[in-house]
Amino acid sequence: QGQLVESGGGSVEAGGSLRLSCVASGSGYSFRGLCIGWFRLAPEKEREGVALINRISSSTYANSVKGRFTISRDDATNTLYLQMNSLKPEDTAMYYCAADLARPYCSSGFWEPGFGRWGQGTQVTVSS
């Protein structure tokens with residue numbers, strides 16, 4: 001069965017950058033044609049959507065990250081990326097990648113029940 005594996009998290013100072021990756025692995029499992037995205041869970045907060053990218057690479061961002069984060073995908077290598085620049089302490093969270101198996105154009109937005117496959121997460125910590 002396929003799984004999503006995130007990497008690239010770490011600790012940085014405010015204003016710094018990180019690039020997260022998420023690889024789809026497992027026999028026959030592929031991102032191709034799917035809506036995929038990033039969510040995050042910060043301490044004492046609810047999980048929130050960060051960015052989505054649909055099957056034609058159109059993207060959607062949460063207002064809090066617009067202009068700072070960039071989502072991209074490489075279907076040839078089954079890899080999803082999140083380039084995070086100008087990081088702020090409030091970006092500190094566990095970041096998860098997720099795939100919507102039913103809506104290739106991300107028509108349900110950040111509606112979490114629509115994402116049927118999730119990774120285990122990678123921690124991002126931004127210090128002031």
# chains A, B, ... in the order shown; residues from 1 in each chain; ligands from 1
$ residues_around --residues "Thr92 in chain A" --least-positions-apart "2" --cutoff "12 Å" --atoms "only C-alpha atoms" --output "PyMOL selection string"
chain A and resi 9-14+18+40-45+84+87-90+94-95+122-128
$ write_last_selection --atoms "N, CA, C and O atoms" --output "short mmCIF file (atom, residue, chain, number, x, y, z; two decimals), in the first residue's frame"
data_model
loop_
_atom_site.label_atom_id
_atom_site.label_comp_id
_atom_site.auth_asym_id
_atom_site.auth_seq_id
_atom_site.Cartn_x
_atom_site.Cartn_y
_atom_site.Cartn_z
N GLY A 9 12.06 19.14 7.28
CA GLY A 9 11.79 20.00 8.43
C GLY A 9 13.06 20.26 9.22
O GLY A 9 14.10 19.64 8.99
N GLY A 10 12.96 21.18 10.15
CA GLY A 10 14.11 21.51 10.99
C GLY A 10 13.86 22.76 11.79
O GLY A 10 12.73 23.24 11.88
N SER A 11 14.95 23.28 12.36
CA SER A 11 14.88 24.50 13.18
C SER A 11 15.62 25.62 12.48
O SER A 11 16.77 25.44 12.06
N VAL A 12 14.95 26.75 12.33
CA VAL A 12 15.56 27.92 11.70
C VAL A 12 15.19 29.17 12.48
O VAL A 12 14.23 29.16 13.26
N GLU A 13 15.93 30.22 12.24
CA GLU A 13 15.60 31.51 12.83
C GLU A 13 14.58 32.23 11.96
O GLU A 13 14.46 31.96 10.76
N ALA A 14 13.87 33.14 12.57
CA ALA A 14 12.90 33.93 11.83
C ALA A 14 13.58 34.61 10.64
O ALA A 14 14.71 35.10 10.76
N LEU A 18 13.14 27.10 4.50
CA LEU A 18 13.19 25.64 4.49
C LEU A 18 12.45 25.14 3.27
O LEU A 18 11.52 25.82 2.78
N ARG A 40 -0.79 21.91 8.35
CA ARG A 40 0.09 22.02 9.51
C ARG A 40 -0.72 22.02 10.79
O ARG A 40 -1.87 22.45 10.82
N LEU A 41 -0.06 21.53 11.84
CA LEU A 41 -0.67 21.47 13.16
C LEU A 41 0.29 22.08 14.17
O LEU A 41 1.37 21.55 14.40
N ALA A 42 -0.13 23.20 14.73
CA ALA A 42 0.68 23.89 15.73
C ALA A 42 0.16 23.54 17.11
O ALA A 42 -1.02 23.19 17.27
N PRO A 43 1.03 23.65 18.13
CA PRO A 43 0.59 23.35 19.50
C PRO A 43 -0.63 24.17 19.89
O PRO A 43 -0.70 25.37 19.63
N GLU A 44 -1.62 23.50 20.47
CA GLU A 44 -2.83 24.12 20.99
C GLU A 44 -3.68 24.79 19.90
O GLU A 44 -4.50 25.65 20.19
N LYS A 45 -3.47 24.37 18.67
CA LYS A 45 -4.29 24.88 17.57
C LYS A 45 -4.85 23.72 16.76
O LYS A 45 -4.36 22.60 16.86
N MET A 84 9.50 27.34 1.72
CA MET A 84 9.04 28.28 2.75
C MET A 84 10.11 29.33 2.98
O MET A 84 11.21 29.01 3.42
N LEU A 87 10.33 32.86 7.00
CA LEU A 87 9.62 32.12 8.05
C LEU A 87 9.45 32.96 9.30
O LEU A 87 10.32 33.78 9.65
N LYS A 88 8.32 32.74 9.96
CA LYS A 88 7.97 33.45 11.18
C LYS A 88 7.78 32.44 12.32
O LYS A 88 7.47 31.28 12.06
N PRO A 89 7.92 32.88 13.55
CA PRO A 89 7.69 31.95 14.67
C PRO A 89 6.31 31.30 14.62
O PRO A 89 6.17 30.13 15.01
N GLU A 90 5.32 32.01 14.11
CA GLU A 90 3.98 31.44 14.03
C GLU A 90 3.84 30.36 12.96
O GLU A 90 2.80 29.71 12.86
N MET A 94 3.91 21.04 13.04
CA MET A 94 4.16 19.80 12.31
C MET A 94 3.47 19.96 10.96
O MET A 94 2.28 20.30 10.90
N TYR A 95 4.21 19.71 9.89
CA TYR A 95 3.69 19.86 8.54
C TYR A 95 3.42 18.49 7.93
O TYR A 95 4.29 17.60 7.97
N THR A 122 6.47 16.30 9.31
CA THR A 122 7.83 16.73 9.57
C THR A 122 7.76 18.04 10.35
O THR A 122 6.96 18.92 10.03
N GLN A 123 8.58 18.15 11.39
CA GLN A 123 8.49 19.28 12.30
C GLN A 123 9.27 20.48 11.79
O GLN A 123 10.43 20.34 11.38
N VAL A 124 8.64 21.64 11.84
CA VAL A 124 9.29 22.91 11.52
C VAL A 124 9.22 23.80 12.76
O VAL A 124 8.14 24.01 13.31
N THR A 125 10.37 24.28 13.18
CA THR A 125 10.45 25.16 14.34
C THR A 125 11.17 26.44 13.95
O THR A 125 12.30 26.39 13.46
N VAL A 126 10.51 27.57 14.17
CA VAL A 126 11.08 28.87 13.82
C VAL A 126 11.25 29.68 15.10
O VAL A 126 10.29 29.95 15.81
N SER A 127 12.48 30.07 15.37
CA SER A 127 12.77 30.83 16.58
C SER A 127 12.87 32.31 16.26
O SER A 127 13.29 32.71 15.17
N SER A 128 12.52 33.12 17.25
CA SER A 128 12.54 34.57 17.04
C SER A 128 13.91 35.17 17.36
O SER A 128 14.78 34.50 17.91
#
$ select_by_dssp --residues "range 75-118 of chain A" --states "strand (DSSP E)" --output "list in words"
Thr79, Leu80, Tyr81, Leu82, Gln83, Met84, Ala93, Met94, Tyr95, Tyr96, Cys97, Ala98, Ala99, Asp100, Arg117 and Trp118 of chain A
$ atom_distance --atom1 "CA of Arg68 in chain A" --atom2 "CA of Gly114 in chain A"
25.7 Å
$ closest_residue --among "A:Gly16, A:Gly109, A:Gly116, A:Gly28" --to "Phe69 in chain A" --atoms "only C-alpha atoms"
A:Gly16
$ residues_around --residues "Tyr81 in chain A" --least-positions-apart "3" --cutoff "6 Å" --atoms "only C-alpha atoms" --output "JSON, numbers by chain"
{"A": [20, 21, 71, 72, 73]}
$ write_last_selection --atoms "N, CA, C and O atoms" --output "PDB file, in the first residue's frame"
ATOM      1  N   LEU A  20      10.399  21.753   2.208  1.00  0.00           N
ATOM      2  CA  LEU A  20       9.849  20.465   2.581  1.00  0.00           C
ATOM      3  C   LEU A  20       9.617  19.623   1.325  1.00  0.00           C
ATOM      4  O   LEU A  20       9.271  20.159   0.266  1.00  0.00           O
ATOM      5  N   SER A  21       9.768  18.317   1.486  1.00  0.00           N
ATOM      6  CA  SER A  21       9.478  17.377   0.403  1.00  0.00           C
ATOM      7  C   SER A  21       8.535  16.303   0.914  1.00  0.00           C
ATOM      8  O   SER A  21       8.530  15.978   2.099  1.00  0.00           O
ATOM      9  N   ILE A  71       4.229  26.144  -3.380  1.00  0.00           N
ATOM     10  CA  ILE A  71       4.026  24.701  -3.527  1.00  0.00           C
ATOM     11  C   ILE A  71       4.330  24.306  -4.965  1.00  0.00           C
ATOM     12  O   ILE A  71       4.027  25.069  -5.898  1.00  0.00           O
ATOM     13  N   SER A  72       4.923  23.140  -5.138  1.00  0.00           N
ATOM     14  CA  SER A  72       5.202  22.639  -6.479  1.00  0.00           C
ATOM     15  C   SER A  72       5.187  21.116  -6.444  1.00  0.00           C
ATOM     16  O   SER A  72       5.227  20.509  -5.368  1.00  0.00           O
ATOM     17  N   ARG A  73       5.129  20.537  -7.627  1.00  0.00           N
ATOM     18  CA  ARG A  73       5.058  19.082  -7.716  1.00  0.00           C
ATOM     19  C   ARG A  73       5.896  18.585  -8.877  1.00  0.00           C
ATOM     20  O   ARG A  73       6.068  19.297  -9.879  1.00  0.00           O
TER      21      ARG A  73
END
$ atom_distance --atom1 "CA of Ser17 in chain A" --atom2 "CA of Leu80 in chain A"
16.8 Å
$ residues_around --residues "Thr79 in chain A" --least-positions-apart "2" --cutoff "8 Å" --atoms "only C-alpha atoms" --output "MDAnalysis selection string"
chainID A and resid 21:24 31 73:77 81
$ write_last_selection --atoms "C-alpha atoms" --output "compact mmCIF listing (two decimals), in the first residue's frame"
# COMPACT_ATOMS: atom_id res chain seq x y z
CA SER A 21 9.48 17.38 0.40
CA CYS A 22 6.88 14.65 0.32
CA VAL A 23 7.43 11.46 -1.63
CA ALA A 24 4.74 8.99 -2.57
CA PHE A 31 0.64 11.44 -7.22
CA ARG A 73 5.06 19.08 -7.72
CA ASP A 74 7.11 16.69 -9.81
CA ASP A 75 4.87 13.87 -10.94
CA ALA A 76 7.77 12.09 -12.64
CA THR A 77 9.37 11.48 -9.25
CA TYR A 81 7.49 20.37 -2.41
$ residues_around --residues "Phe115 in chain A" --least-positions-apart "6" --cutoff "10 Å" --atoms "only C-alpha atoms" --output "PyMOL selection string"
chain A and resi 35-37+97-103+106+108-109
$ write_last_selection --atoms "N, CA, C and O atoms" --output "PDB file, in the first residue's frame"
ATOM      1  N   CYS A  35      -5.039  15.915  -6.596  1.00  0.00           N
ATOM      2  CA  CYS A  35      -4.886  17.134  -5.796  1.00  0.00           C
ATOM      3  C   CYS A  35      -4.066  16.753  -4.569  1.00  0.00           C
ATOM      4  O   CYS A  35      -4.423  15.806  -3.850  1.00  0.00           O
ATOM      5  N   ILE A  36      -2.988  17.458  -4.335  1.00  0.00           N
ATOM      6  CA  ILE A  36      -2.134  17.180  -3.186  1.00  0.00           C
ATOM      7  C   ILE A  36      -1.806  18.492  -2.482  1.00  0.00           C
ATOM      8  O   ILE A  36      -1.871  19.564  -3.105  1.00  0.00           O
ATOM      9  N   GLY A  37      -1.458  18.393  -1.213  1.00  0.00           N
ATOM     10  CA  GLY A  37      -1.236  19.634  -0.498  1.00  0.00           C
ATOM     11  C   GLY A  37      -0.545  19.460   0.833  1.00  0.00           C
ATOM     12  O   GLY A  37      -0.182  18.343   1.225  1.00  0.00           O
ATOM     13  N   CYS A  97       1.855  16.304   4.502  1.00  0.00           N
ATOM     14  CA  CYS A  97       1.346  16.302   3.135  1.00  0.00           C
ATOM     15  C   CYS A  97       0.154  15.352   3.065  1.00  0.00           C
ATOM     16  O   CYS A  97       0.031  14.427   3.874  1.00  0.00           O
ATOM     17  N   ALA A  98      -0.716  15.612   2.117  1.00  0.00           N
ATOM     18  CA  ALA A  98      -1.937  14.831   1.989  1.00  0.00           C
ATOM     19  C   ALA A  98      -2.385  14.801   0.546  1.00  0.00           C
ATOM     20  O   ALA A  98      -2.096  15.726  -0.220  1.00  0.00           O
ATOM     21  N   ALA A  99      -3.097  13.743   0.193  1.00  0.00           N
ATOM     22  CA  ALA A  99      -3.591  13.573  -1.165  1.00  0.00           C
ATOM     23  C   ALA A  99      -5.103  13.389  -1.153  1.00  0.00           C
ATOM     24  O   ALA A  99      -5.631  12.600  -0.359  1.00  0.00           O
ATOM     25  N   ASP A 100      -5.784  14.134  -2.021  1.00  0.00           N
ATOM     26  CA  ASP A 100      -7.222  13.968  -2.236  1.00  0.00           C
ATOM     27  C   ASP A 100      -7.380  12.987  -3.388  1.00  0.00           C
ATOM     28  O   ASP A 100      -7.025  13.309  -4.526  1.00  0.00           O
ATOM     29  N   LEU A 101      -7.905  11.802  -3.082  1.00  0.00           N
ATOM     30  CA  LEU A 101      -7.971  10.733  -4.074  1.00  0.00           C
ATOM     31  C   LEU A 101      -9.163  10.875  -5.023  1.00  0.00           C
ATOM     32  O   LEU A 101      -9.263  10.126  -5.991  1.00  0.00           O
ATOM     33  N   ALA A 102     -10.072  11.816  -4.745  1.00  0.00           N
ATOM     34  CA  ALA A 102     -11.327  11.867  -5.507  1.00  0.00           C
ATOM     35  C   ALA A 102     -11.536  13.148  -6.300  1.00  0.00           C
ATOM     36  O   ALA A 102     -12.338  13.166  -7.235  1.00  0.00           O
ATOM     37  N   ARG A 103     -10.851  14.227  -5.939  1.00  0.00           N
ATOM     38  CA  ARG A 103     -11.104  15.524  -6.556  1.00  0.00           C
ATOM     39  C   ARG A 103      -9.813  16.101  -7.132  1.00  0.00           C
ATOM     40  O   ARG A 103      -9.103  16.843  -6.457  1.00  0.00           O
ATOM     41  N   CYS A 106      -8.903  19.895  -6.735  1.00  0.00           N
ATOM     42  CA  CYS A 106      -8.964  20.454  -5.389  1.00  0.00           C
ATOM     43  C   CYS A 106     -10.268  21.220  -5.164  1.00  0.00           C
ATOM     44  O   CYS A 106     -10.272  22.279  -4.524  1.00  0.00           O
ATOM     45  N   SER A 108     -12.706  20.777  -3.295  1.00  0.00           N
ATOM     46  CA  SER A 108     -13.167  20.897  -1.910  1.00  0.00           C
ATOM     47  C   SER A 108     -12.211  21.721  -1.046  1.00  0.00           C
ATOM     48  O   SER A 108     -12.388  21.783   0.179  1.00  0.00           O
ATOM     49  N   GLY A 109     -11.225  22.322  -1.681  1.00  0.00           N
ATOM     50  CA  GLY A 109     -10.316  23.184  -0.940  1.00  0.00           C
ATOM     51  C   GLY A 109      -9.600  22.443   0.163  1.00  0.00           C
ATOM     52  O   GLY A 109      -9.179  21.299  -0.009  1.00  0.00           O
TER      53      GLY A 109
END
$ closest_residue --among "A:Leu4, A:Asp91, A:Arg55, A:Glu46" --to "Glu112 in chain A" --atoms "only C-alpha atoms"
A:Glu46
